[in-house]
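K.L.:
Provided below: my_file_30.txt, containing compact mmCIF, C-alpha atoms.
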```
# COMPACT_ATOMS: atom_id res chain seq x y z
CA MET B 1 51.07 136.82 37.25
CA LEU B 2 52.02 133.62 35.48
CA LEU B 3 55.70 134.56 35.52
CA ALA B 4 55.65 135.44 39.23
CA LYS B 5 55.03 131.85 40.34
CA PRO B 6 57.99 130.29 38.50
CA LYS B 7 60.28 133.01 39.89
CA LEU B 8 59.02 132.32 43.39
CA PHE B 9 59.53 128.61 42.84
CA MET B 10 63.12 129.20 41.65
CA LYS B 11 63.88 131.33 44.74
CA HIS B 12 62.67 128.51 46.98
CA LEU B 13 64.75 126.03 44.98
CA TYR B 14 67.89 128.17 45.28
CA PHE B 15 67.32 128.55 49.04
CA LEU B 16 66.91 124.77 49.44
CA PHE B 17 70.07 124.15 47.39
CA LEU B 18 71.99 126.66 49.58
CA VAL B 19 70.87 124.90 52.79
CA ILE B 20 71.96 121.50 51.41
CA LEU B 21 75.30 122.94 50.29
CA LEU B 22 76.01 124.50 53.70
CA ALA B 23 75.04 121.30 55.48
CA SER B 24 77.44 119.26 53.34
CA CYS B 25 80.30 121.72 54.02
CA THR B 26 79.87 121.67 57.82
CA PRO B 27 82.40 119.24 59.37
CA PRO B 28 80.90 116.42 61.46
CA PRO B 29 81.15 116.91 65.23
CA GLU B 30 84.19 115.31 66.85
CA ALA B 31 83.65 112.13 68.83
CA ARG B 32 83.58 113.01 72.51
CA TYR B 33 83.66 111.12 75.76
CA THR B 34 80.43 110.82 77.66
CA GLU B 35 81.05 113.61 80.13
CA LYS B 36 80.37 112.43 83.67
CA PRO B 37 82.30 113.89 86.60
CA MET B 38 84.16 111.67 89.04
CA PRO B 39 81.94 110.76 91.99
CA ALA B 40 82.62 112.64 95.24
CA SER B 41 83.83 109.45 96.95
CA GLU B 42 86.56 108.95 94.33
CA ILE B 43 87.69 112.58 94.54
CA ALA B 44 87.81 112.28 98.35
CA PHE B 45 89.87 109.08 98.07
CA ILE B 46 92.38 110.74 95.72
CA LYS B 47 92.59 113.76 98.04
CA LYS B 48 93.23 111.53 101.06
CA VAL B 49 95.99 109.54 99.37
CA THR B 50 97.57 112.75 98.07
CA THR B 51 97.50 114.33 101.53
CA VAL B 52 99.13 111.31 103.22
CA ASP B 53 101.69 110.92 100.45
CA SER B 54 102.59 114.63 100.52
CA ALA B 55 103.10 114.51 104.30
CA PHE B 56 105.38 111.49 103.84
CA GLN B 57 107.41 113.08 101.04
CA SER B 58 107.87 116.34 102.97
CA GLN B 59 109.55 114.67 105.97
CA LYS B 60 113.01 116.06 106.78
CA ASN B 61 114.99 112.83 106.56
CA GLU B 62 114.79 109.02 106.46
CA ILE B 63 114.30 108.78 110.25
CA THR B 64 111.15 110.91 110.22
CA LYS B 65 110.00 109.24 107.00
CA ASN B 66 110.22 105.80 108.57
CA GLU B 67 108.31 107.05 111.60
CA TYR B 68 105.61 108.64 109.46
CA LEU B 69 105.31 105.53 107.28
CA LYS B 70 103.53 103.65 110.08
CA THR B 71 101.35 106.64 110.94
CA GLY B 72 100.43 107.24 107.31
CA LYS B 73 99.57 103.58 106.71
CA LYS B 74 97.32 103.54 109.76
CA GLU B 75 95.60 106.78 108.75
CA LEU B 76 95.01 105.65 105.17
CA ALA B 77 93.84 102.17 106.19
CA GLY B 78 91.40 103.74 108.67
CA TYR B 79 89.98 105.97 105.96
CA ILE B 80 89.56 103.10 103.49
CA LEU B 81 87.86 100.93 106.15
CA LYS B 82 85.19 103.61 106.49
CA ASN B 83 84.83 103.95 102.71
CA LEU B 84 84.91 100.43 101.27
CA ASP B 85 82.08 100.84 98.76
CA VAL B 86 82.93 102.08 95.28
CA LYS B 87 80.28 103.11 92.77
CA ASP B 88 81.03 104.20 89.20
CA TRP B 89 84.62 105.20 89.92
CA VAL B 90 86.61 106.18 86.85
CA VAL B 91 89.64 103.93 86.38
CA ILE B 92 92.01 102.98 83.58
CA VAL B 93 92.73 99.32 82.85
CA LYS B 94 96.41 98.36 82.89
CA ASP B 95 96.15 94.64 82.21
CA ILE B 96 93.85 91.63 82.53
CA ASN B 97 95.19 88.17 83.42
CA VAL B 98 93.61 84.80 84.11
CA ASP B 99 95.01 82.66 86.92
CA SER B 100 95.41 79.01 85.97
CA ALA B 101 95.33 77.67 89.55
CA ALA B 102 92.69 75.21 90.72
CA ILE B 103 90.46 78.06 91.89
CA SER B 104 90.79 80.28 88.85
CA TYR B 105 90.04 83.98 88.83
CA ILE B 106 90.49 86.95 86.56
CA LYS B 107 92.99 89.50 87.83
CA VAL B 108 92.54 93.07 86.62
CA THR B 109 95.09 95.76 87.43
CA MET B 110 93.58 99.24 87.28
CA PHE B 111 94.71 102.79 87.95
CA VAL B 112 92.80 105.70 89.44
CA PRO B 113 93.67 108.68 87.23
CA VAL B 114 94.53 112.13 88.57
CA GLY B 115 93.14 115.54 87.62
CA ASN B 116 91.86 115.96 84.09
CA TRP B 117 93.02 112.51 83.07
CA ARG B 118 92.02 113.05 79.44
CA GLU B 119 94.72 115.65 78.85
CA LYS B 120 98.09 114.42 77.60
CA LYS B 121 100.02 116.47 80.14
CA TYR B 122 99.02 114.01 82.87
CA PRO B 123 101.00 110.75 83.10
CA GLU B 124 98.91 107.86 81.85
CA TYR B 125 99.29 105.52 84.81
CA SER B 126 100.22 107.70 87.74
CA PHE B 127 98.11 106.98 90.77
CA PRO B 128 96.81 104.30 93.18
CA ILE B 129 96.69 100.78 91.84
CA PHE B 130 93.75 98.50 92.52
CA THR B 131 94.62 94.85 92.13
CA THR B 132 91.25 93.27 91.48
CA LEU B 133 90.39 89.62 91.94
CA LEU B 134 87.33 88.35 90.11
CA ALA B 135 85.64 84.99 90.59
CA ASP B 136 85.60 83.27 87.20
CA LYS B 137 82.05 82.03 87.82
CA ASN B 138 80.43 85.39 87.12
CA GLY B 139 79.54 85.16 83.42
CA LYS B 140 78.42 88.79 83.11
CA LEU B 141 81.70 90.22 84.37
CA LYS B 142 83.74 87.79 82.32
CA ASP B 143 81.88 88.86 79.17
CA GLN B 144 82.34 92.54 80.07
CA LEU B 145 86.08 92.03 80.53
CA LYS B 146 86.47 90.24 77.18
CA ALA B 147 85.82 93.54 75.42
CA LEU B 148 88.42 95.52 77.41
CA GLY B 149 92.13 96.08 76.95
CA ALA B 150 95.03 98.07 78.38
CA GLY B 151 94.38 101.81 78.42
CA ASP B 152 90.57 101.55 78.37
CA GLU B 153 88.77 103.98 80.62
CA VAL B 154 85.92 102.35 82.58
CA TYR B 155 83.48 102.83 85.44
CA ILE B 156 83.79 100.26 88.22
CA THR B 157 81.42 99.34 91.03
CA GLY B 158 82.17 97.01 93.93
CA LYS B 159 83.94 96.92 97.27
CA ILE B 160 87.50 97.12 98.58
CA ILE B 161 88.27 93.82 100.34
CA LYS B 162 89.42 93.65 103.96
CA ASN B 163 92.36 91.39 104.87
CA PHE B 164 92.01 88.23 107.01
CA SER B 165 92.27 90.23 110.23
CA GLY B 166 89.47 92.57 109.16
CA GLY B 167 91.72 95.51 108.33
CA ILE B 168 93.23 97.05 105.20
CA THR B 169 96.77 96.24 104.12
CA VAL B 170 98.45 99.34 102.74
CA ILE B 171 101.38 97.92 100.78
CA ASP B 172 104.09 100.40 99.86
CA HIS B 173 105.46 97.99 97.27
CA THR B 174 106.73 100.58 94.79
CA GLU B 175 109.72 102.77 95.45
CA GLY B 176 110.14 106.34 94.34
CA GLU B 177 113.04 107.88 92.45
CA ASN B 178 115.02 108.36 95.65
CA GLY B 179 114.41 104.84 96.90
CA ASN B 180 111.53 105.92 99.13
CA SER B 181 108.34 103.90 99.38
CA ILE B 182 105.39 106.03 98.36
CA PHE B 183 101.74 105.95 99.32
CA SER B 184 100.58 106.91 95.87
CA ASN B 185 101.14 103.34 94.68
CA LEU B 186 98.67 101.13 96.50
CA ALA B 187 97.87 97.46 96.02
CA LEU B 188 94.30 96.93 97.20
CA ASP B 189 92.25 93.80 96.65
CA PHE B 190 88.89 94.71 95.22
CA HIS B 191 85.68 92.73 94.68
CA LEU B 192 84.21 93.90 91.38
CA THR B 193 80.46 93.72 90.77
CA ASP B 194 80.19 95.83 87.61
CA ILE B 195 82.48 97.31 84.98
CA LYS B 196 81.47 99.36 81.94
CA ARG B 197 83.11 101.71 79.46
CA THR B 198 82.90 105.44 80.04
CA HIS B 199 82.36 106.06 76.33
```
Turn the structure described in the file into structure tokens.

P.N.:
Amino acid sequence: MLLAKPKLFMKHLYFLFLVILLASCTPPPEARYTEKPMPASEIAFIKKVTTVDSAFQSQKNEITKNEYLKTGKKELAGYILKNLDVKDWVVIVKDINVDSAAISYIKVTMFVPVGNWREKKYPEYSFPIFTTLLADKNGKLKDQLKALGAGDEVYITGKIIKNFSGGITVIDHTEGENGNSIFSNLALDFHLTDIKRTH
């Protein structure tokens, strides 16, 4: 009976040692992004831009493209006017600049990514551009932006800004490979109220 207890104790000790050994051999879990799907409003925006841009690109020649350009701009501007509010959209920061004019502001250029933007097969900066103007007076936003750099993935909240006439200016400022202006490169002014990292 006296020998049974030490044997039992040794079995427990071996079992404990085995558990510790297995735990030390198990590789640590890989760092992952905080998984949060794109909001429906962002997906709808991407779909709308893609639809208009595809219709433009599929025109038969430059005559029909020029005609559709006005129609497409009007259609896209109308859609944006009805959907100005943006909440927790996923965007990628391209650059952050500070204007040195009398009324200074922070200008952030951001890109709305396409598809599964975390896979390398997708181009890094390949979709609509938001040119964002920030009043320098907002200390919280300024502090949030200090920690960000090019390529950072963030959630943004705010509102797309109307132009002076109360509409939306759809600027086709970037030209495609064939010299055609494309809708998938937008320059929209945006009033930012919150920005935070996705991970």

K.L.:
Please identify all polymer residues within 9 Å of stretch 141-150 of chain B, counting all atoms listed in the file, omitting same-chain residues fewer than 3 positions from it, and present them as a list in words.

P.N.:
Ile92, Val93, Lys94, Asp95, Ile96, Ile106, Val108, Leu134, Ala135, Asp136, Lys137, Asn138, Glu153, Val154, Leu192, Thr193, Asp194, Ile195, Lys196 and Arg197 of chain B

K.L.:
Can you write just those residues out, C-alpha atoms, as a PDB file, keeping the file's coordinate frame?

P.N.:
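Generated file (result_38.pdb):
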```pdb
ATOM      1  CA  ILE B  92      92.010 102.980  83.580  1.00  0.00           C
ATOM      2  CA  VAL B  93      92.730  99.320  82.850  1.00  0.00           C
ATOM      3  CA  LYS B  94      96.410  98.360  82.890  1.00  0.00           C
ATOM      4  CA  ASP B  95      96.150  94.640  82.210  1.00  0.00           C
ATOM      5  CA  ILE B  96      93.850  91.630  82.530  1.00  0.00           C
ATOM      6  CA  ILE B 106      90.490  86.950  86.560  1.00  0.00           C
ATOM      7  CA  VAL B 108      92.540  93.070  86.620  1.00  0.00           C
ATOM      8  CA  LEU B 134      87.330  88.350  90.110  1.00  0.00           C
ATOM      9  CA  ALA B 135      85.640  84.990  90.590  1.00  0.00           C
ATOM     10  CA  ASP B 136      85.600  83.270  87.200  1.00  0.00           C
ATOM     11  CA  LYS B 137      82.050  82.030  87.820  1.00  0.00           C
ATOM     12  CA  ASN B 138      80.430  85.390  87.120  1.00  0.00           C
ATOM     13  CA  GLU B 153      88.770 103.980  80.620  1.00  0.00           C
ATOM     14  CA  VAL B 154      85.920 102.350  82.580  1.00  0.00           C
ATOM     15  CA  LEU B 192      84.210  93.900  91.380  1.00  0.00           C
ATOM     16  CA  THR B 193      80.460  93.720  90.770  1.00  0.00           C
ATOM     17  CA  ASP B 194      80.190  95.830  87.610  1.00  0.00           C
ATOM     18  CA  ILE B 195      82.480  97.310  84.980  1.00  0.00           C
ATOM     19  CA  LYS B 196      81.470  99.360  81.940  1.00  0.00           C
ATOM     20  CA  ARG B 197      83.110 101.710  79.460  1.00  0.00           C
TER      21      ARG B 197
END
```

K.L.:
Identify, on the basis of only C-alpha atoms, every residue whose closest approach to B:Pro37 does not exceed 10 Å; exclude the query and any residue fewer than 3 positions from it along the same chain; express the result as a list in words.

P.N.:
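Those residues are Thr34, Ala40, Ile43, Trp89 and Val90 of chain B.
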
K.L.:
Restricting it to C-alpha atoms, dump the selection as an mmCIF file, in the coordinates of the input.

P.N.:
```cif
data_model
loop_
_atom_site.group_PDB
_atom_site.id
_atom_site.type_symbol
_atom_site.label_atom_id
_atom_site.label_comp_id
_atom_site.auth_asym_id
_atom_site.auth_seq_id
_atom_site.Cartn_x
_atom_site.Cartn_y
_atom_site.Cartn_z
ATOM 1 C CA THR B 34 80.430 110.820 77.660
ATOM 2 C CA ALA B 40 82.620 112.640 95.240
ATOM 3 C CA ILE B 43 87.690 112.580 94.540
ATOM 4 C CA TRP B 89 84.620 105.200 89.920
ATOM 5 C CA VAL B 90 86.610 106.180 86.850
#
```

K.L.:
Name all residues at most 12 Å from B:Val112 (count all atoms listed in the file; drop same-chain ones fewer than 4 positions away) and give them as a ChimeraX atom specification.

P.N.:
/B:38,42-43,45-47,49,88-94,116-117,123-131,151,153-156,184-188

K.L.:
Using all atoms listed in the file, can you list as a PDB file with C-alpha atoms, in the frame of the given file the residues within 7 Å of (102.2, 110.2, 100.1)?

P.N.:
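Output below, filename selection.pdb:
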```
ATOM      1  CA  VAL B  49      95.990 109.540  99.370  1.00  0.00           C
ATOM      2  CA  THR B  50      97.570 112.750  98.070  1.00  0.00           C
ATOM      3  CA  THR B  51      97.500 114.330 101.530  1.00  0.00           C
ATOM      4  CA  VAL B  52      99.130 111.310 103.220  1.00  0.00           C
ATOM      5  CA  ASP B  53     101.690 110.920 100.450  1.00  0.00           C
ATOM      6  CA  SER B  54     102.590 114.630 100.520  1.00  0.00           C
ATOM      7  CA  ALA B  55     103.100 114.510 104.300  1.00  0.00           C
ATOM      8  CA  PHE B  56     105.380 111.490 103.840  1.00  0.00           C
ATOM      9  CA  GLN B  57     107.410 113.080 101.040  1.00  0.00           C
ATOM     10  CA  ILE B 182     105.390 106.030  98.360  1.00  0.00           C
ATOM     11  CA  PHE B 183     101.740 105.950  99.320  1.00  0.00           C
ATOM     12  CA  SER B 184     100.580 106.910  95.870  1.00  0.00           C
TER      13      SER B 184
END
```

K.L.:
Quick check, in Å to one decimal: how far apart do atom CA of B:Gly167 and atom CA of B:Tyr68 lie?

P.N.:
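Straight-line distance from atom CA of B:Gly167 to atom CA of B:Tyr68 works out to 19.1 Å.
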
K.L.:
At what distance in Å, to one decimal, does atom CA of B:Ala44 lie from atom CA of B:Lys70?

P.N.:
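Going from atom CA of B:Lys70 over to atom CA of B:Ala44 covers 21.4 Å.
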
K.L.:
Restricting the calculation to all atoms listed in the file: of B:Asn97, B:Asn83, B:Thr198, B:Thr109, which residue gets closest to B:Lys159?

P.N.:
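Closest candidate: B:Asn83.
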
K.L.:
Please report the interatomic distance between atom CA of B:Asp85 and atom CA of B:Thr157 in Å with one decimal.

P.N.:
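Atom-to-atom, atom CA of B:Asp85 and atom CA of B:Thr157 are spaced 7.9 Å apart.
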